[in-house]
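The file entry_17.txt comes next; it holds compact mmCIF, C-alpha atoms and all ligand atoms.
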```txt
# COMPACT_ATOMS: atom_id res chain seq x y z
CA MET W 415 41.99 -55.68 65.19
CA VAL W 416 39.65 -53.88 62.76
CA ASN W 417 38.93 -50.21 63.50
CA LEU W 418 35.16 -50.06 62.94
CA LEU W 419 35.08 -46.24 63.00
CA GLY W 420 36.20 -45.94 59.37
CA LEU W 421 33.94 -48.62 57.88
CA SER W 422 31.04 -47.73 55.58
CA PRO W 423 27.60 -49.25 56.34
CA VAL W 424 28.21 -51.90 53.65
CA GLU W 425 31.66 -52.77 55.01
CA LEU W 426 30.25 -52.97 58.52
CA GLN W 427 27.53 -55.35 57.33
CA ALA W 428 30.18 -57.55 55.71
CA PHE W 429 32.16 -57.49 58.94
CA CYS W 430 29.09 -58.55 60.94
CA ALA W 431 28.21 -61.25 58.39
CA ALA W 432 31.72 -62.69 58.69
CA LEU W 433 31.05 -63.09 62.41
CA GLY W 434 27.70 -64.80 61.67
CA GLU W 435 25.53 -61.78 62.55
CA LYS W 436 22.50 -60.31 60.75
CA PRO W 437 22.73 -56.98 58.78
CA PHE W 438 20.73 -55.04 61.42
CA ARG W 439 23.69 -55.45 63.81
CA ALA W 440 25.65 -53.09 61.53
CA LYS W 441 22.96 -50.40 61.96
CA GLN W 442 23.11 -50.85 65.74
CA LEU W 443 26.89 -50.49 65.68
CA MET W 444 26.67 -47.40 63.45
CA ARG W 445 24.30 -45.71 65.90
CA TRP W 446 26.39 -46.60 68.94
CA MET W 447 29.60 -45.38 67.35
CA HIS W 448 28.54 -42.30 65.43
CA GLN W 449 25.47 -41.07 67.33
CA ALA W 450 26.20 -42.13 70.93
CA HIS W 451 29.97 -41.74 70.34
CA ALA W 452 30.63 -44.97 72.22
CA ASP W 453 33.97 -46.75 71.94
CA ASP W 454 33.27 -49.40 74.58
CA PHE W 455 31.49 -52.48 73.22
CA GLY W 456 30.45 -53.37 76.77
CA ALA W 457 28.22 -50.24 76.86
CA MET W 458 26.30 -51.26 73.71
CA THR W 459 23.46 -52.76 75.70
CA ASP W 460 21.08 -53.76 72.89
CA ILE W 461 23.73 -56.00 71.34
CA SER W 462 23.88 -59.60 72.56
CA LYS W 463 26.54 -60.37 75.14
CA ALA W 464 28.04 -63.10 72.95
CA PHE W 465 28.50 -60.67 70.00
CA ARG W 466 29.95 -57.98 72.27
CA GLU W 467 32.53 -60.50 73.50
CA GLN W 468 33.42 -61.36 69.89
CA LEU W 469 33.75 -57.64 69.07
CA GLU W 470 36.10 -57.11 71.99
CA LYS W 471 38.40 -59.81 70.60
CA THR W 472 38.36 -58.69 66.96
CA ALA W 473 37.59 -54.98 66.71
CA THR W 474 38.12 -51.52 68.12
CA VAL W 475 36.57 -48.05 67.80
CA GLN W 476 39.52 -45.73 67.70
CA ALA W 477 39.79 -42.01 66.89
CA PRO W 478 43.18 -40.23 66.92
CA ALA W 479 44.40 -39.53 70.49
CA VAL W 480 44.17 -35.96 71.77
CA ARG W 481 47.61 -34.48 72.46
CA ARG W 482 46.43 -30.99 73.31
CA ASP W 483 43.03 -29.34 73.71
CA THR W 484 42.99 -25.52 73.68
CA THR W 485 40.14 -23.01 73.84
CA ALA W 486 40.52 -19.45 72.56
CA GLY W 487 39.05 -16.32 74.17
CA ASP W 488 36.24 -16.31 71.58
CA GLY W 489 35.28 -19.95 72.31
CA THR W 490 37.07 -21.45 69.28
CA ARG W 491 38.47 -24.82 70.33
CA LYS W 492 41.45 -26.56 68.75
CA TRP W 493 42.57 -30.17 69.20
CA LEU W 494 46.06 -31.34 68.34
CA LEU W 495 45.65 -35.03 67.45
CA ASP W 496 48.26 -37.74 67.33
CA VAL W 497 48.28 -39.69 64.07
CA GLY W 498 51.42 -41.73 64.77
CA THR W 499 55.09 -41.68 63.73
CA ASN W 500 55.56 -38.18 65.18
CA ASN W 501 52.82 -36.64 63.09
CA ALA W 502 50.00 -34.59 64.55
CA ILE W 503 47.06 -32.88 62.86
CA GLU W 504 44.73 -30.13 63.99
CA THR W 505 40.94 -29.90 64.14
CA VAL W 506 39.09 -26.68 65.00
CA PHE W 507 35.56 -26.07 66.31
CA ILE W 508 34.11 -22.61 65.67
CA PRO W 509 30.96 -21.88 67.70
CA GLU W 510 28.52 -19.26 66.42
CA THR W 511 25.12 -18.16 67.67
CA SER W 512 23.02 -20.39 65.45
CA ARG W 513 25.52 -23.03 64.36
CA GLY W 514 28.77 -24.79 65.17
CA THR W 515 31.33 -25.54 62.47
CA LEU W 516 34.07 -28.16 62.62
CA CYS W 517 37.13 -27.63 60.41
CA VAL W 518 38.54 -31.09 59.58
CA SER W 519 42.01 -32.09 58.30
CA SER W 520 42.52 -34.58 55.47
CA GLN W 521 46.32 -35.06 55.35
CA ALA W 522 49.32 -34.93 57.67
CA GLY W 523 50.82 -31.83 56.04
CA CYS W 524 50.25 -30.88 52.43
CA ALA W 525 52.30 -31.33 49.27
CA LEU W 526 50.88 -28.32 47.42
CA GLU W 527 52.95 -25.63 49.11
CA CYS W 528 50.74 -22.57 48.74
CA SER W 529 53.10 -19.79 49.72
CA PHE W 530 50.86 -18.08 52.32
CA CYS W 531 49.80 -21.29 54.13
CA SER W 532 51.31 -22.54 57.37
CA THR W 533 50.39 -26.17 56.61
CA GLY W 534 52.06 -25.87 53.21
CA ARG W 535 55.31 -24.85 54.93
CA GLN W 536 55.32 -28.04 57.05
CA GLY W 537 55.81 -30.41 54.15
CA PHE W 538 53.83 -33.61 53.62
CA ASN W 539 53.86 -36.98 55.31
CA ARG W 540 50.78 -38.98 54.34
CA ASN W 541 47.07 -39.13 53.64
CA LEU W 542 44.79 -39.64 56.65
CA SER W 543 42.71 -42.82 56.78
CA VAL W 544 38.90 -42.75 56.80
CA ALA W 545 38.94 -43.49 60.55
CA GLU W 546 41.34 -40.59 61.17
CA ILE W 547 39.13 -38.18 59.20
CA ILE W 548 35.75 -39.24 60.60
CA GLY W 549 37.45 -39.68 63.98
CA GLN W 550 37.87 -35.89 64.17
CA LEU W 551 34.09 -35.42 63.95
CA TRP W 552 33.54 -38.32 66.36
CA LEU W 553 35.81 -36.96 69.05
CA ALA W 554 34.69 -33.33 68.67
CA ASN W 555 31.05 -34.41 69.04
CA ARG W 556 31.97 -36.47 72.06
CA ALA W 557 33.93 -33.64 73.65
CA LEU W 558 31.25 -31.03 72.94
CA LYS W 559 28.18 -33.08 73.83
CA GLY W 560 28.95 -33.50 77.48
CA ASP W 561 31.02 -32.07 80.28
CA ALA W 562 33.44 -34.23 82.29
CA ALA W 563 30.52 -35.75 84.20
CA GLY W 564 28.76 -36.58 80.92
CA HIS W 565 26.10 -33.87 81.22
CA PRO W 566 24.93 -32.76 77.81
CA ILE W 567 25.94 -29.23 76.74
CA ALA W 568 24.13 -28.99 73.42
CA GLU W 569 22.01 -31.50 71.56
CA ARG W 570 23.72 -30.88 68.22
CA PRO W 571 26.88 -28.85 68.74
CA ILE W 572 28.28 -29.48 65.26
CA THR W 573 25.86 -28.40 62.54
CA ASN W 574 28.41 -27.89 59.74
CA VAL W 575 31.65 -29.51 58.62
CA VAL W 576 34.25 -27.84 56.43
CA MET W 577 37.04 -29.92 54.88
CA MET W 578 39.40 -26.95 55.23
CA GLY W 579 41.92 -28.09 57.81
CA MET W 580 45.39 -29.41 57.04
CA GLY W 581 45.85 -30.89 53.58
CA GLU W 582 44.28 -30.81 50.13
CA PRO W 583 41.17 -33.01 50.53
CA LEU W 584 40.92 -33.91 46.84
CA ALA W 585 44.49 -35.27 46.91
CA ASN W 586 43.15 -37.89 49.39
CA PHE W 587 40.04 -38.45 47.30
CA ASP W 588 38.85 -41.95 48.25
CA ASN W 589 39.28 -41.58 52.00
CA VAL W 590 37.78 -38.08 52.09
CA VAL W 591 34.73 -39.17 50.05
CA ALA W 592 34.22 -42.25 52.27
CA ALA W 593 34.42 -40.06 55.40
CA MET W 594 32.01 -37.48 53.94
CA GLN W 595 29.56 -40.26 53.06
CA LEU W 596 29.55 -41.21 56.75
CA MET W 597 28.95 -37.55 57.64
CA LEU W 598 25.88 -37.57 55.36
CA ASP W 599 24.54 -41.02 56.36
CA ASP W 600 21.39 -40.88 58.49
CA SER W 601 22.52 -43.79 60.64
CA ALA W 602 25.78 -41.90 61.35
CA TYR W 603 25.90 -38.06 61.49
CA GLY W 604 22.99 -37.23 59.16
CA LEU W 605 24.33 -33.87 57.94
CA SER W 606 22.81 -32.43 54.77
CA ARG W 607 25.03 -31.97 51.70
CA ARG W 608 24.61 -28.23 52.04
CA ARG W 609 26.21 -28.35 55.48
CA VAL W 610 29.33 -30.23 54.41
CA THR W 611 31.78 -28.08 52.43
CA LEU W 612 34.92 -29.25 50.71
CA SER W 613 37.57 -26.65 50.04
CA THR W 614 40.10 -27.28 47.27
CA SER W 615 43.04 -25.43 45.81
CA GLY W 616 41.76 -26.48 42.38
CA LEU W 617 42.51 -30.07 41.31
CA VAL W 618 40.32 -29.93 38.22
CA PRO W 619 39.89 -33.67 37.39
CA ALA W 620 39.13 -34.42 41.04
CA ILE W 621 36.47 -31.67 41.13
CA ASP W 622 34.73 -33.50 38.29
CA ARG W 623 35.04 -36.82 40.13
CA LEU W 624 33.63 -35.29 43.30
CA ARG W 625 30.63 -33.98 41.38
CA ASP W 626 29.71 -37.56 40.49
CA ALA W 627 30.83 -39.33 43.68
CA CYS W 628 29.68 -37.05 46.50
CA PRO W 629 28.53 -33.55 45.53
CA VAL W 630 28.77 -31.48 48.69
CA ALA W 631 29.09 -27.69 48.87
CA LEU W 632 32.27 -26.55 47.12
CA ALA W 633 34.74 -23.84 48.09
CA VAL W 634 37.73 -23.00 45.90
CA SER W 635 40.88 -21.26 47.12
CA LEU W 636 41.32 -18.72 44.35
CA HIS W 637 43.52 -16.05 45.99
CA ALA W 638 44.55 -14.33 42.73
CA PRO W 639 42.73 -12.94 39.68
CA ASN W 640 45.32 -13.96 37.06
CA ASP W 641 47.57 -16.94 36.34
CA ALA W 642 50.88 -15.10 36.80
CA LEU W 643 50.08 -14.23 40.41
CA ARG W 644 48.21 -17.45 41.19
CA ASN W 645 51.17 -19.50 39.92
CA GLU W 646 53.18 -17.95 42.75
CA LEU W 647 50.57 -18.14 45.51
CA VAL W 648 48.96 -21.49 44.61
CA PRO W 649 51.56 -23.41 42.57
CA ILE W 650 49.11 -26.13 41.44
CA ASN W 651 47.74 -23.38 39.17
CA ARG W 652 50.62 -24.15 36.81
CA LYS W 653 48.94 -27.46 36.09
CA TYR W 654 45.30 -26.32 36.30
CA PRO W 655 45.10 -22.63 35.34
CA ILE W 656 42.24 -20.34 36.34
CA ARG W 657 40.29 -20.75 33.09
CA GLU W 658 40.19 -24.56 33.46
CA LEU W 659 39.35 -24.26 37.14
CA LEU W 660 36.42 -21.93 36.55
CA LYS W 661 35.02 -24.23 33.86
CA ALA W 662 35.17 -27.12 36.34
CA CYS W 663 33.27 -24.98 38.88
CA VAL W 664 30.47 -24.36 36.37
CA ARG W 665 30.28 -28.12 35.66
CA TYR W 666 30.22 -28.84 39.39
CA ILE W 667 27.23 -26.56 40.03
CA GLU W 668 25.06 -28.83 37.83
CA LYS W 669 25.00 -31.38 40.65
CA ALA W 670 25.95 -29.28 43.68
CA PRO W 671 23.60 -28.92 46.64
CA ARG W 672 23.98 -25.13 46.41
CA ASP W 673 23.64 -23.13 43.22
CA PHE W 674 26.95 -21.36 43.69
CA VAL W 675 30.60 -22.01 44.43
CA THR W 676 32.39 -20.08 47.17
CA PHE W 677 35.67 -18.51 46.13
CA GLU W 678 38.08 -17.89 48.95
CA TYR W 679 40.52 -15.05 48.56
CA VAL W 680 43.14 -14.40 51.22
CA LEU W 681 44.12 -10.73 51.23
CA LEU W 682 47.88 -10.17 51.37
CA ASP W 683 49.09 -6.63 51.85
CA GLY W 684 50.49 -5.21 48.62
CA VAL W 685 50.42 -8.60 46.86
CA ASN W 686 46.85 -9.27 45.67
CA ASP W 687 44.75 -6.57 47.37
CA THR W 688 44.80 -3.54 45.06
CA LEU W 689 41.80 -2.00 43.31
CA ALA W 690 43.13 -3.33 40.00
CA HIS W 691 43.19 -6.87 41.46
CA ALA W 692 39.60 -6.45 42.69
CA ARG W 693 38.40 -5.30 39.28
CA GLU W 694 40.26 -8.12 37.54
CA LEU W 695 38.74 -10.63 39.99
CA ALA W 696 35.21 -9.32 39.38
CA ALA W 697 35.73 -9.74 35.64
CA VAL W 698 37.30 -13.20 35.82
CA VAL W 699 34.52 -14.83 37.88
CA THR W 700 31.69 -13.16 36.00
CA ASP W 701 30.43 -16.36 34.31
CA VAL W 702 30.46 -18.50 37.47
CA PRO W 703 27.53 -18.38 39.93
CA CYS W 704 29.54 -17.64 43.05
CA LYS W 705 30.00 -15.98 46.39
CA LEU W 706 33.29 -14.45 47.43
CA ASN W 707 34.77 -14.88 50.85
CA LEU W 708 37.59 -12.45 51.58
CA ILE W 709 40.01 -13.63 54.27
CA PRO W 710 42.37 -11.08 55.83
CA PHE W 711 45.67 -12.99 56.08
CA ASN W 712 46.42 -14.56 59.47
CA PRO W 713 50.17 -14.16 59.96
CA PHE W 714 52.44 -16.97 61.17
CA PRO W 715 56.19 -16.84 61.89
CA GLY W 716 58.33 -16.53 58.77
CA SER W 717 55.39 -16.25 56.37
CA GLY W 718 56.86 -13.19 54.65
CA TYR W 719 53.37 -11.73 54.16
CA GLU W 720 51.39 -9.06 56.02
CA ARG W 721 47.64 -8.76 56.56
CA SER W 722 45.97 -6.19 54.28
CA LYS W 723 45.02 -2.92 55.97
CA PRO W 724 41.32 -2.68 56.96
CA GLU W 725 40.83 0.19 54.46
CA ALA W 726 42.26 -1.96 51.65
CA VAL W 727 39.94 -4.85 52.63
CA ALA W 728 36.92 -2.52 52.62
CA ARG W 729 37.88 -1.00 49.23
CA PHE W 730 38.42 -4.47 47.72
CA ARG W 731 35.05 -5.69 49.04
CA ASP W 732 33.23 -2.61 47.72
CA VAL W 733 34.52 -3.14 44.18
CA LEU W 734 33.14 -6.69 44.22
CA ILE W 735 29.82 -5.63 45.70
CA ARG W 736 29.45 -2.91 43.08
CA ALA W 737 30.02 -5.63 40.47
CA ASP W 738 26.96 -7.44 41.94
CA LEU W 739 28.99 -10.21 43.57
CA THR W 740 27.87 -11.47 46.97
CA THR W 741 30.93 -10.81 49.09
CA THR W 742 31.70 -11.39 52.74
CA VAL W 743 34.80 -10.71 54.80
CA ARG W 744 35.65 -13.64 57.07
CA LYS W 745 35.84 -12.74 60.72
CA THR W 746 39.07 -13.99 62.25
CA ARG W 747 38.39 -16.63 64.89
CA GLY W 748 40.77 -18.34 67.28
CA ASP W 749 43.92 -16.46 66.24
CA ASP W 750 45.13 -16.32 69.87
CA ILE W 751 45.58 -20.13 69.72
CA ASP W 752 46.82 -20.22 66.09
CA ALA W 753 43.55 -21.79 65.01
CA ALA W 754 42.60 -19.18 62.43
CA CYS W 755 42.34 -19.89 58.73
CA GLY W 756 45.76 -20.68 57.21
CA GLN W 757 47.48 -21.02 60.59
CA LEU W 758 47.10 -24.78 61.17
CA ALA W 759 50.47 -26.45 61.37
CA GLY W 760 50.30 -29.56 63.59
CA GLU W 761 53.47 -31.59 63.49
CA VAL W 762 54.59 -33.15 60.22
CA GLN W 763 57.54 -35.39 59.41
CA ASP W 764 58.13 -34.07 55.92
CA ARG W 765 58.74 -36.77 53.32
CA THR W 766 58.97 -34.35 50.38
CA ARG W 767 62.45 -33.06 51.30
CA ARG W 768 60.94 -29.59 50.97
CA HIS W 769 62.82 -28.34 53.99
CA ALA W 770 66.13 -29.32 52.38
CA ARG W 771 65.10 -27.66 49.12
CA ARG W 772 64.13 -24.46 50.93
CA GLU W 773 67.48 -24.35 52.70
CA ALA W 774 69.28 -24.87 49.39
CA ARG W 775 67.23 -22.06 47.89
CA ALA W 776 68.08 -19.75 50.79
CA THR W 777 71.79 -20.49 50.32
CA GLN W 778 71.46 -19.76 46.61
CA GLU W 779 69.68 -16.47 47.42
CA ASP W 780 72.48 -15.49 49.82
CA SER W 781 75.21 -16.10 47.27
CA ALA W 782 73.47 -14.59 44.22
CA PRO W 783 70.61 -12.25 45.06
CA ARG W 784 67.91 -12.07 42.37
CA ALA W 785 64.42 -10.69 42.02
CA PRO W 786 62.08 -12.51 44.45
CA ARG W 787 59.48 -13.16 41.74
CA ALA W 788 62.04 -14.84 39.49
CA LEU W 789 63.13 -17.00 42.40
CA ALA W 790 59.57 -17.99 43.25
CA ALA W 791 58.81 -18.89 39.65
CA GLU W 792 61.98 -20.90 39.39
CA ALA W 793 61.32 -22.67 42.67
CA GLY W 794 57.73 -23.36 41.67
CA VAL W 795 58.59 -25.94 39.03
CA PRO W 796 59.86 -28.70 41.32
CA ARG W 797 57.20 -27.82 43.88
CA VAL W 798 54.43 -28.50 41.39
CA GLN W 799 56.09 -31.67 40.21
CA ALA W 800 56.33 -32.91 43.80
CA ALA W 801 52.66 -32.12 44.31
CA GLU W 802 51.61 -33.83 41.10
CA GLU W 803 53.30 -37.04 42.17
CA ARG W 804 50.78 -37.24 44.99
CA VAL W 805 47.81 -35.74 43.27
CA GLY W 806 47.75 -37.80 40.08
S1 LIG P 901 46.24 -23.78 51.26
FE1 LIG P 901 45.45 -25.89 51.30
S2 LIG P 901 46.30 -26.82 49.41
FE2 LIG P 901 47.51 -24.95 49.80
S3 LIG P 901 49.28 -25.68 51.01
FE3 LIG P 901 47.68 -25.02 52.48
S4 LIG P 901 46.58 -26.91 52.98
FE4 LIG P 901 47.73 -27.31 51.08
```

Show this structure as structure tokens.
Amino acid sequence: MVNLLGLSPVELQAFCAALGEKPFRAKQLMRWMHQAHADDFGAMTDISKAFREQLEKTATVQAPAVRRDTTAGDGTRKWLLDVGTNNAIETVFIPETSRGTLCVSSQAGCALECSFCSTGRQGFNRNLSVAEIIGQLWLANRALKGDAAGHPIAERPITNVVMMGMGEPLANFDNVVAAMQLMLDDSAYGLSRRRVTLSTSGLVPAIDRLRDACPVALAVSLHAPNDALRNELVPINRKYPIRELLKACVRYIEKAPRDFVTFEYVLLDGVNDTLAHARELAAVVTDVPCKLNLIPFNPFPGSGYERSKPEAVARFRDVLIRADLTTTVRKTRGDDIDAACGQLAGEVQDRTRRHARREARATQEDSAPRAPRALAAEAGVPRVQAAEERVG
């Protein structure tokens, strides 16, 4: 059975042609699947009965199955989705007055192991397929467009998509780009490039590839103003240091749908939130047209970090604003259901043996205590190597 949900318009045409059907059938199927959110060929009434019968024998329209569906006090909704072999990913819908944003996952887990990220602690299992990525938008639209009786709730509940859920989207480049092309396609979801944002931890060669393949809005997880600190918080920085990353951002803007890059900066109490860090950050991004999005850390069990105090957040923001940088502080949404930024965990069968490495590290720490920074630096080397194996 072919899952039609993940096929591009061209692939769908080829599929129809192989069954002896004209190209316009592919357009009809696209509209039924992605705009009417239908998964039952029998309901596709403008398609001939004979073709529908053929489809039933050869194809399916299948998004990941919903394991749990939770709504927070502020209306944020989180789905835990089954992606097989005991792996589950999370997708989050954030409603706001004038728009609705869907935060989409790209991998079961993540190999990059940023130290403040709940997903990074889960380990990595595999890349999601195109159908599993676009399936998150498909099922959220379906769930949000009607109540149980099928009555419409909002005509267009999802106005924006952010590739900011579980995983590093650029480490699953081909599938993420194919899914985003469906998001942009007028016969599918018809979102503008400005309303689809990809967030990366900074895979420099892949940022350049994205610029040519599918330039959507770009967000970069910066989180530190210098390489020494960023090497600890975002270990991929050891391979692609800040200077290289910022140059790639400037190159990206040449083709981007917005004339700036968004830098995300999670504020960790006493780690990266001092006035000196703020000043250093303002200086380091000075040549990049950018906006800064400050994210007070959302704690999760065993993270080892604390959220910065509100006064520290305000002081940090003010330094950036005084340096003429457009700066916002992200409002925490959905933290009562662990749906806030950095809290997504899902369920991941780790294939990186990270858990075993962490336990070995903990044993080493117990027997010979050393400075935490030295330990982190030491531990970072194999972490980056493991990530590179998947990124390359
Ligand atoms: S912050 Fe992003 S890249 Fe880093 S571990 Fe988490 S999901 Fe992966």

Would you tabulate, counting all atoms listed in the file, all residues of chain W that have an atom at most 7 Å from an atom of ligand LIG 901 (chain P), showing the closest pair of atoms and their distance in Å to one decimal, sorted by chain then ascending number, as a tab-separated table?
```
residue	atom	partner	partner_atom	distance
W:Cys524	CA	P:LIG901	FE4	4.6
W:Ala525	CA	P:LIG901	FE4	6.3
W:Leu526	CA	P:LIG901	S3	4.7
W:Glu527	CA	P:LIG901	S3	4.1
W:Cys528	CA	P:LIG901	S3	4.1
W:Cys531	CA	P:LIG901	FE3	4.6
W:Ser532	CA	P:LIG901	FE3	6.6
W:Thr533	CA	P:LIG901	FE3	5.1
W:Gly534	CA	P:LIG901	S3	3.6
W:Gly579	CA	P:LIG901	S4	6.8
W:Met580	CA	P:LIG901	S4	4.9
W:Gly581	CA	P:LIG901	S4	4.1
W:Glu582	CA	P:LIG901	S2	4.5
W:Thr614	CA	P:LIG901	S2	6.6
W:Ser615	CA	P:LIG901	S2	5.1
W:Val648	CA	P:LIG901	FE2	6.4
W:Gly756	CA	P:LIG901	FE3	6.7
```

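Taking CA of Lys745 in chain W and CA of Thr676 in chain W as the two end points, the separation is 15.8 Å.
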
Work out where the centre of an axis-aligned box around every listed atom of range 725-729 of chain W lies and how long its edges are once 3 Å is added on each side; give both in Å to one decimal as AutoDock Vina command-line options.
```
--center_x 39.6 --center_y -2.3 --center_z 51.8 --size_x 11.3 --size_y 11.0 --size_z 11.2
```

Subject >> Which residue of W:Asp626, W:Asp641, W:Asp764, W:Asp749 approaches Tyr666 in chain W most closely, using all atoms listed in the file >> reply: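 For Tyr666 in chain W, the nearest of the candidates is W:Asp626.
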
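The shell of residues at most 12 Å from Thr742 in chain W, with all atoms listed in the file counted and near chain neighbours (fewer than 5 positions) removed, consists of Thr676, Phe677, Glu678, Tyr679, Val680, Cys704, Lys705, Leu706, Asn707, Leu708, Ile709, Pro710, Val727, Ala728, Phe730, Arg731, Asp732, Leu734 and Ile735 of chain W.
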
Could you give me, as CSV, a per-residue list for range 416-481 of chain W showing, wherever an atom lies at most 10 Å from an atom of range 535-553 of chain W, the closest pair of atoms and their distance in Å to one decimal, using all atoms listed in the file and sorting by chain then residue number from low to high?
```
residue,atom,partner,partner_atom,distance
W:Asn417,CA,W:Ala545,CA,7.3
W:Leu418,CA,W:Ala545,CA,7.9
W:Leu419,CA,W:Ala545,CA,5.3
W:Gly420,CA,W:Ala545,CA,3.9
W:Leu421,CA,W:Ala545,CA,7.6
W:Ser422,CA,W:Val544,CA,9.4
W:Met447,CA,W:Trp552,CA,8.1
W:His448,CA,W:Trp552,CA,6.5
W:Gln449,CA,W:Trp552,CA,8.6
W:Ala450,CA,W:Trp552,CA,9.4
W:His451,CA,W:Trp552,CA,6.3
W:Ala452,CA,W:Trp552,CA,9.3
W:Val475,CA,W:Ala545,CA,8.9
W:Gln476,CA,W:Gly549,CA,7.4
W:Ala477,CA,W:Gly549,CA,4.4
W:Pro478,CA,W:Glu546,CA,6.0
W:Ala479,CA,W:Leu553,CA,9.1
W:Val480,CA,W:Leu553,CA,8.8
```

Original post:
Just how far from CA of Asn586 in chain W is CA of Arg625 in chain W, in Å to one decimal?
Top reply: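 Computing it gives 15.4 Å between the two atoms.
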
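Of the listed residues W:Pro423, W:Trp493, W:Ala690, W:Ala602, the one whose atoms come nearest to Pro639 in chain W is W:Ala690, with distances taken using all atoms listed in the file.
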
Need a file for range 420-433 of chain W from that block: N, CA and C atoms, written as an mmCIF file, in the first residue's frame.
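Printed below is decode00.cif as written:
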```
data_model
loop_
_atom_site.group_PDB
_atom_site.id
_atom_site.type_symbol
_atom_site.label_atom_id
_atom_site.label_comp_id
_atom_site.auth_asym_id
_atom_site.auth_seq_id
_atom_site.Cartn_x
_atom_site.Cartn_y
_atom_site.Cartn_z
ATOM 1 N N GLY W 420 2.268 11.531 1.879
ATOM 2 C CA GLY W 420 3.616 12.085 1.789
ATOM 3 C C GLY W 420 4.089 12.324 0.363
ATOM 4 N N LEU W 421 3.233 12.106 -0.634
ATOM 5 C CA LEU W 421 3.694 12.263 -2.016
ATOM 6 C C LEU W 421 3.605 13.719 -2.471
ATOM 7 N N SER W 422 4.601 14.143 -3.249
ATOM 8 C CA SER W 422 4.573 15.480 -3.848
ATOM 9 C C SER W 422 3.566 15.457 -5.000
ATOM 10 N N PRO W 423 3.159 16.634 -5.515
ATOM 11 C CA PRO W 423 2.240 16.648 -6.657
ATOM 12 C C PRO W 423 2.770 15.822 -7.836
ATOM 13 N N VAL W 424 4.076 15.922 -8.097
ATOM 14 C CA VAL W 424 4.655 15.179 -9.230
ATOM 15 C C VAL W 424 4.592 13.668 -8.967
ATOM 16 N N GLU W 425 4.915 13.271 -7.747
ATOM 17 C CA GLU W 425 4.863 11.838 -7.409
ATOM 18 C C GLU W 425 3.427 11.318 -7.464
ATOM 19 N N LEU W 426 2.496 12.157 -7.079
ATOM 20 C CA LEU W 426 1.093 11.748 -7.104
ATOM 21 C C LEU W 426 0.609 11.590 -8.555
ATOM 22 N N GLN W 427 1.078 12.485 -9.417
ATOM 23 C CA GLN W 427 0.733 12.359 -10.844
ATOM 24 C C GLN W 427 1.278 11.062 -11.414
ATOM 25 N N ALA W 428 2.513 10.732 -11.037
ATOM 26 C CA ALA W 428 3.129 9.488 -11.531
ATOM 27 C C ALA W 428 2.343 8.283 -11.015
ATOM 28 N N PHE W 429 1.899 8.372 -9.773
ATOM 29 C CA PHE W 429 1.111 7.281 -9.196
ATOM 30 C C PHE W 429 -0.204 7.118 -9.973
ATOM 31 N N CYS W 430 -0.867 8.236 -10.268
ATOM 32 C CA CYS W 430 -2.129 8.177 -11.010
ATOM 33 C C CYS W 430 -1.888 7.636 -12.426
ATOM 34 N N ALA W 431 -0.794 8.114 -13.051
ATOM 35 C CA ALA W 431 -0.490 7.663 -14.425
ATOM 36 C C ALA W 431 -0.274 6.153 -14.455
ATOM 37 N N ALA W 432 0.382 5.631 -13.422
ATOM 38 C CA ALA W 432 0.636 4.180 -13.372
ATOM 39 C C ALA W 432 -0.671 3.395 -13.280
ATOM 40 N N LEU W 433 -1.718 4.059 -12.777
ATOM 41 C CA LEU W 433 -3.026 3.389 -12.713
ATOM 42 C C LEU W 433 -3.897 3.776 -13.910
#
```
